[in-house]
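File shown: target-v2.cif (mmCIF, C-alpha atoms, pLDDT in the B column; chains and numbers go by the auth columns).
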```
data_work
#
loop_
_atom_site.group_PDB
_atom_site.id
_atom_site.type_symbol
_atom_site.label_atom_id
_atom_site.label_comp_id
_atom_site.label_asym_id
_atom_site.label_seq_id
_atom_site.Cartn_x
_atom_site.Cartn_y
_atom_site.Cartn_z
_atom_site.B_iso_or_equiv
_atom_site.auth_seq_id
_atom_site.auth_asym_id
ATOM 1 C CA MET A 1 0.000 0.000 0.000 27.00 1 A
ATOM 2 C CA PHE A 2 2.700 2.515 1.000 35.00 2 A
ATOM 3 C CA GLY A 3 5.953 2.873 -0.898 43.00 3 A
ATOM 4 C CA LYS A 4 9.312 2.096 0.605 53.00 4 A
ATOM 5 C CA ASN A 5 9.858 5.793 1.403 62.00 5 A
ATOM 6 C CA ALA A 6 6.428 6.460 2.926 76.00 6 A
ATOM 7 C CA GLN A 7 6.615 8.870 5.856 83.00 7 A
ATOM 8 C CA PRO A 8 5.558 7.629 9.273 88.00 8 A
ATOM 9 C CA PRO A 9 2.491 9.335 10.735 90.00 9 A
ATOM 10 C CA ILE A 10 2.872 12.126 13.284 92.00 10 A
ATOM 11 C CA LYS A 11 1.104 10.689 16.308 90.00 11 A
ATOM 12 C CA SER A 12 2.322 13.004 19.071 93.00 12 A
ATOM 13 C CA LEU A 13 2.307 16.763 19.617 95.00 13 A
ATOM 14 C CA ILE A 14 3.935 19.002 22.188 96.00 14 A
ATOM 15 C CA ALA A 15 1.702 22.041 21.838 96.00 15 A
ATOM 16 C CA GLN A 16 2.705 25.681 21.921 96.00 16 A
ATOM 17 C CA GLY A 17 2.690 26.865 25.537 96.00 17 A
ATOM 18 C CA SER A 18 3.810 23.427 26.799 96.00 18 A
ATOM 19 C CA ARG A 19 7.238 22.772 28.294 97.00 19 A
ATOM 20 C CA ILE A 20 8.879 19.436 28.986 97.00 20 A
ATOM 21 C CA ASP A 21 11.891 19.232 31.303 97.00 21 A
ATOM 22 C CA GLY A 22 13.700 15.936 30.723 96.00 22 A
ATOM 23 C CA ASN A 23 14.636 13.562 27.952 97.00 23 A
ATOM 24 C CA LEU A 24 11.967 12.410 25.514 96.00 24 A
ATOM 25 C CA LYS A 25 11.751 9.214 23.441 96.00 25 A
ATOM 26 C CA PHE A 26 9.116 8.790 20.725 95.00 26 A
ATOM 27 C CA THR A 27 8.111 6.373 17.988 94.00 27 A
ATOM 28 C CA GLU A 28 7.051 7.136 14.420 94.00 28 A
ATOM 29 C CA GLY A 29 6.290 10.885 14.302 96.00 29 A
ATOM 30 C CA LEU A 30 6.468 13.816 16.722 97.00 30 A
ATOM 31 C CA ARG A 31 5.731 17.510 16.207 98.00 31 A
ATOM 32 C CA ILE A 32 7.070 20.043 18.701 98.00 32 A
ATOM 33 C CA ASP A 33 5.402 23.460 18.858 98.00 33 A
ATOM 34 C CA GLY A 34 6.349 24.129 22.495 97.00 34 A
ATOM 35 C CA GLU A 35 9.593 23.844 24.452 98.00 35 A
ATOM 36 C CA VAL A 36 11.693 20.792 25.367 98.00 36 A
ATOM 37 C CA ILE A 37 14.633 21.059 27.769 98.00 37 A
ATOM 38 C CA GLY A 38 16.349 17.705 27.258 98.00 38 A
ATOM 39 C CA ASP A 39 17.283 15.245 24.523 98.00 39 A
ATOM 40 C CA VAL A 40 14.690 14.118 21.958 98.00 40 A
ATOM 41 C CA ARG A 41 15.251 10.640 20.458 97.00 41 A
ATOM 42 C CA ALA A 42 13.291 8.472 18.095 96.00 42 A
ATOM 43 C CA GLY A 43 13.142 4.753 18.774 93.00 43 A
ATOM 44 C CA ALA A 44 15.356 2.787 16.393 88.00 44 A
ATOM 45 C CA GLU A 45 12.830 0.003 15.761 88.00 45 A
ATOM 46 C CA GLN A 46 10.889 1.834 13.022 91.00 46 A
ATOM 47 C CA PRO A 47 11.207 4.863 10.691 94.00 47 A
ATOM 48 C CA SER A 48 10.770 8.234 12.392 96.00 48 A
ATOM 49 C CA ILE A 49 10.046 11.877 11.630 97.00 49 A
ATOM 50 C CA LEU A 50 10.524 14.859 13.946 98.00 50 A
ATOM 51 C CA VAL A 51 9.066 18.287 13.144 98.00 51 A
ATOM 52 C CA ILE A 52 10.272 21.312 15.109 98.00 52 A
ATOM 53 C CA SER A 53 7.923 24.158 14.224 97.00 53 A
ATOM 54 C CA GLU A 54 8.638 27.881 14.019 97.00 54 A
ATOM 55 C CA SER A 55 7.458 28.471 17.592 96.00 55 A
ATOM 56 C CA ALA A 56 9.417 25.544 19.087 98.00 56 A
ATOM 57 C CA VAL A 57 12.611 25.585 21.160 98.00 57 A
ATOM 58 C CA VAL A 58 14.615 22.436 21.919 98.00 58 A
ATOM 59 C CA GLU A 59 17.597 22.599 24.274 98.00 59 A
ATOM 60 C CA GLY A 60 19.295 19.228 23.924 98.00 60 A
ATOM 61 C CA GLU A 61 20.380 16.701 21.317 98.00 61 A
ATOM 62 C CA ILE A 62 17.912 15.446 18.747 98.00 62 A
ATOM 63 C CA HIS A 63 18.066 12.065 16.965 97.00 63 A
ATOM 64 C CA ALA A 64 15.647 10.843 14.284 97.00 64 A
ATOM 65 C CA ASP A 65 15.597 9.510 10.729 96.00 65 A
ATOM 66 C CA HIS A 66 13.934 12.542 9.108 97.00 66 A
ATOM 67 C CA ILE A 67 14.123 15.895 10.900 98.00 67 A
ATOM 68 C CA ILE A 68 12.384 19.095 9.786 98.00 68 A
ATOM 69 C CA VAL A 69 13.442 22.252 11.648 98.00 69 A
ATOM 70 C CA ASN A 70 11.789 25.667 11.415 97.00 70 A
ATOM 71 C CA GLY A 71 12.387 26.691 15.037 97.00 71 A
ATOM 72 C CA THR A 72 15.337 26.847 17.436 98.00 72 A
ATOM 73 C CA VAL A 73 17.590 23.954 18.468 98.00 73 A
ATOM 74 C CA ARG A 74 20.396 24.436 20.999 98.00 74 A
ATOM 75 C CA GLY A 75 22.255 21.144 20.798 98.00 75 A
ATOM 76 C CA ALA A 76 23.552 18.560 18.361 98.00 76 A
ATOM 77 C CA VAL A 77 21.300 17.328 15.547 98.00 77 A
ATOM 78 C CA HIS A 78 21.608 13.758 14.187 97.00 78 A
ATOM 79 C CA ALA A 79 19.475 12.988 11.123 97.00 79 A
ATOM 80 C CA LYS A 80 19.981 9.371 10.009 95.00 80 A
ATOM 81 C CA GLN A 81 18.338 10.105 6.655 94.00 81 A
ATOM 82 C CA LEU A 82 17.213 13.647 5.794 95.00 82 A
ATOM 83 C CA LEU A 83 17.586 16.978 7.564 97.00 83 A
ATOM 84 C CA GLU A 84 15.325 19.758 6.238 97.00 84 A
ATOM 85 C CA LEU A 85 16.096 23.274 7.435 97.00 85 A
ATOM 86 C CA GLN A 86 13.222 25.662 6.778 97.00 86 A
ATOM 87 C CA PRO A 87 13.766 29.469 6.463 97.00 87 A
ATOM 88 C CA ARG A 88 13.399 30.225 10.200 97.00 88 A
ATOM 89 C CA ALA A 89 15.562 27.319 11.423 98.00 89 A
ATOM 90 C CA ARG A 90 18.219 28.243 13.977 98.00 90 A
ATOM 91 C CA ILE A 91 20.626 25.535 15.139 98.00 91 A
ATOM 92 C CA GLU A 92 23.334 26.159 17.728 98.00 92 A
ATOM 93 C CA GLY A 93 25.280 22.906 17.675 97.00 93 A
ATOM 94 C CA ASP A 94 26.932 20.363 15.419 97.00 94 A
ATOM 95 C CA VAL A 95 24.826 18.771 12.699 97.00 95 A
ATOM 96 C CA GLN A 96 25.164 15.231 11.339 96.00 96 A
ATOM 97 C CA TYR A 97 23.096 14.096 8.346 95.00 97 A
ATOM 98 C CA LYS A 98 22.867 11.713 5.414 93.00 98 A
ATOM 99 C CA ALA A 99 21.050 14.201 3.140 93.00 99 A
ATOM 100 C CA LEU A 100 20.581 17.926 3.758 94.00 100 A
ATOM 101 C CA GLU A 101 17.989 20.363 2.402 95.00 101 A
ATOM 102 C CA MET A 102 18.528 23.965 3.523 95.00 102 A
ATOM 103 C CA HIS A 103 16.293 26.911 2.653 96.00 103 A
ATOM 104 C CA GLN A 104 17.499 30.489 2.406 96.00 104 A
ATOM 105 C CA GLY A 105 17.409 32.136 5.834 96.00 105 A
ATOM 106 C CA ALA A 106 18.197 29.003 7.864 97.00 106 A
ATOM 107 C CA MET A 107 21.219 29.361 10.150 97.00 107 A
ATOM 108 C CA ILE A 108 23.619 26.854 11.710 97.00 108 A
ATOM 109 C CA THR A 109 26.243 27.761 14.308 97.00 109 A
ATOM 110 C CA GLY A 110 28.282 24.570 14.442 96.00 110 A
ATOM 111 C CA LEU A 111 29.950 21.945 12.292 95.00 111 A
ATOM 112 C CA LEU A 112 28.237 20.131 9.415 93.00 112 A
ATOM 113 C CA ARG A 113 29.221 16.468 9.129 92.00 113 A
ATOM 114 C CA PRO A 114 27.874 13.902 6.689 90.00 114 A
ATOM 115 C CA ILE A 115 27.188 10.546 8.374 85.00 115 A
ATOM 116 C CA ASP A 116 29.503 8.656 6.023 77.00 116 A
ATOM 117 C CA ALA A 117 32.510 10.926 5.439 59.00 117 A
ATOM 118 C CA ASP A 118 33.892 8.564 2.763 59.00 118 A
ATOM 119 C CA GLU A 119 30.722 8.905 0.714 59.00 119 A
ATOM 120 C CA LYS A 120 29.785 12.179 -0.967 59.00 120 A
ATOM 121 C CA PRO A 121 26.776 13.662 0.906 55.00 121 A
ATOM 122 C CA LEU A 122 23.502 14.212 -0.908 60.00 122 A
ATOM 123 C CA LEU A 123 22.600 17.903 -0.941 62.00 123 A
ATOM 124 C CA LYS A 124 19.128 18.779 -2.148 62.00 124 A
ATOM 125 C CA LEU A 125 18.343 22.175 -3.640 62.00 125 A
ATOM 126 C CA ALA A 126 15.414 23.695 -1.794 65.00 126 A
ATOM 127 C CA ALA A 127 12.534 24.712 -4.047 63.00 127 A
ATOM 128 C CA LYS A 128 11.999 28.459 -4.284 61.00 128 A
ATOM 129 C CA ASN A 129 8.659 29.427 -2.758 56.00 129 A
ATOM 130 C CA THR A 130 7.171 32.218 -4.858 48.00 130 A
#
```
Just give me the structure as structure tokens.
Amino acid sequence: MFGKNAQPPIKSLIAQGSRIDGNLKFTEGLRIDGEVIGDVRAGAEQPSILVISESAVVEGEIHADHIIVNGTVRGAVHAKQLLELQPRARIEGDVQYKALEMHQGAMITGLLRPIDADEKPLLKLAAKNT
């Protein structure tokens, strides 16, 4: 029914105005609109997607297969597959990725490292939104 690259569903939400103090582990999909002070990790047993919205702030490391950032992350980012940086993304920390898509306006203060340094990283050109 679904193709090999079908995205997992987003089943959990940390709403704007909410704050979590402590580490967080999730499965499949998570959207953060609020604030998380601690590490955010996807379970390794199935594909995962993490969405950090424009209003979100995460202070800690994040680990997932597919990560979409349009808010603020203060900590290392580890995207096992794809890291998408939307125009309002702000990352203060080192970034590790397999494929990277970065829109104009996104900012990273840290090192960019492809997961497999021997292999040429896949860089995707972000589509111009007009």
Compile the contact shell of Pro114 of chain A as a list in words: residues with an atom at most 8 Å away, counting all atoms listed in the file, same-chain residues fewer than 6 positions apart removed. Gln96, Tyr97, Lys98, Ala99 and Pro121 of chain A
Evaluated on this file, the PyMOL selection byres ((chain A and resi 74) around 10) picks out some residues - which ones are they, written as a CSV table (one decimal) with C-alpha atoms, in the frame of the given file?
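Done, and the output landed in part-v3.csv:
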```csv
chain,number,residue,atom,x,y,z
A,37,ILE,CA,14.6,21.1,27.8
A,57,VAL,CA,12.6,25.6,21.2
A,58,VAL,CA,14.6,22.4,21.9
A,59,GLU,CA,17.6,22.6,24.3
A,60,GLY,CA,19.3,19.2,23.9
A,61,GLU,CA,20.4,16.7,21.3
A,62,ILE,CA,17.9,15.4,18.7
A,72,THR,CA,15.3,26.8,17.4
A,73,VAL,CA,17.6,24.0,18.5
A,75,GLY,CA,22.3,21.1,20.8
A,76,ALA,CA,23.6,18.6,18.4
A,77,VAL,CA,21.3,17.3,15.5
A,90,ARG,CA,18.2,28.2,14.0
A,91,ILE,CA,20.6,25.5,15.1
A,92,GLU,CA,23.3,26.2,17.7
A,93,GLY,CA,25.3,22.9,17.7
A,94,ASP,CA,26.9,20.4,15.4
A,109,THR,CA,26.2,27.8,14.3
```
Segment 27-35 of chain A environment, 9 Å, all atoms listed in the file, sequence neighbours closer than 3 positions dropped, as a PDB file with C-alpha atoms, keeping the file's coordinate frame:
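Output (selection_4.pdb):
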```pdb
ATOM      1  CA  GLN A   7       6.615   8.870   5.856  1.00 83.00           C
ATOM      2  CA  PRO A   8       5.558   7.629   9.273  1.00 88.00           C
ATOM      3  CA  PRO A   9       2.491   9.335  10.735  1.00 90.00           C
ATOM      4  CA  ILE A  10       2.872  12.126  13.284  1.00 92.00           C
ATOM      5  CA  LYS A  11       1.104  10.689  16.308  1.00 90.00           C
ATOM      6  CA  SER A  12       2.322  13.004  19.071  1.00 93.00           C
ATOM      7  CA  LEU A  13       2.307  16.763  19.617  1.00 95.00           C
ATOM      8  CA  ILE A  14       3.935  19.002  22.188  1.00 96.00           C
ATOM      9  CA  ALA A  15       1.702  22.041  21.838  1.00 96.00           C
ATOM     10  CA  GLN A  16       2.705  25.681  21.921  1.00 96.00           C
ATOM     11  CA  GLY A  17       2.690  26.865  25.537  1.00 96.00           C
ATOM     12  CA  SER A  18       3.810  23.427  26.799  1.00 96.00           C
ATOM     13  CA  ARG A  19       7.238  22.772  28.294  1.00 97.00           C
ATOM     14  CA  ILE A  20       8.879  19.436  28.986  1.00 97.00           C
ATOM     15  CA  ASP A  21      11.891  19.232  31.303  1.00 97.00           C
ATOM     16  CA  ARG A  41      15.251  10.640  20.458  1.00 97.00           C
ATOM     17  CA  ALA A  42      13.291   8.472  18.095  1.00 96.00           C
ATOM     18  CA  GLY A  43      13.142   4.753  18.774  1.00 93.00           C
ATOM     19  CA  ALA A  44      15.356   2.787  16.393  1.00 88.00           C
ATOM     20  CA  GLU A  45      12.830   0.003  15.761  1.00 88.00           C
ATOM     21  CA  GLN A  46      10.889   1.834  13.022  1.00 91.00           C
ATOM     22  CA  PRO A  47      11.207   4.863  10.691  1.00 94.00           C
ATOM     23  CA  SER A  48      10.770   8.234  12.392  1.00 96.00           C
ATOM     24  CA  ILE A  49      10.046  11.877  11.630  1.00 97.00           C
ATOM     25  CA  LEU A  50      10.524  14.859  13.946  1.00 98.00           C
ATOM     26  CA  VAL A  51       9.066  18.287  13.144  1.00 98.00           C
ATOM     27  CA  ILE A  52      10.272  21.312  15.109  1.00 98.00           C
ATOM     28  CA  SER A  53       7.923  24.158  14.224  1.00 97.00           C
ATOM     29  CA  GLU A  54       8.638  27.881  14.019  1.00 97.00           C
ATOM     30  CA  SER A  55       7.458  28.471  17.592  1.00 96.00           C
ATOM     31  CA  ALA A  56       9.417  25.544  19.087  1.00 98.00           C
ATOM     32  CA  VAL A  57      12.611  25.585  21.160  1.00 98.00           C
ATOM     33  CA  VAL A  58      14.615  22.436  21.919  1.00 98.00           C
ATOM     34  CA  GLU A  59      17.597  22.599  24.274  1.00 98.00           C
ATOM     35  CA  GLY A  71      12.387  26.691  15.037  1.00 97.00           C
TER      36      GLY A  71
END
```
For atom CA of Lys25 of chain A and atom CA of Gly105 of chain A, determine how far apart the two atoms are, in Å to one decimal place.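 According to the coordinates, atom CA of Lys25 of chain A and atom CA of Gly105 of chain A are separated by 29.5 Å.
Counting from atom CA of Gly38 of chain A, the distance to atom CA of Gln104 of chain A is 28.0 Å.
Distance annotation: of A:Arg113, A:His78, A:Arg88, A:His103, the residue with the minimal separation from His66 of chain A is A:His78; atom set is only C-alpha atoms.
Taking atom CA of Ala89 of chain A and atom CA of Leu24 of chain A as endpoints, the distance between them is 20.8 Å.
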Among A:Ile108, A:Val69, A:Val36, A:Leu100, Gln86 of chain A is approached most closely, using all atoms listed in the file, by A:Val69
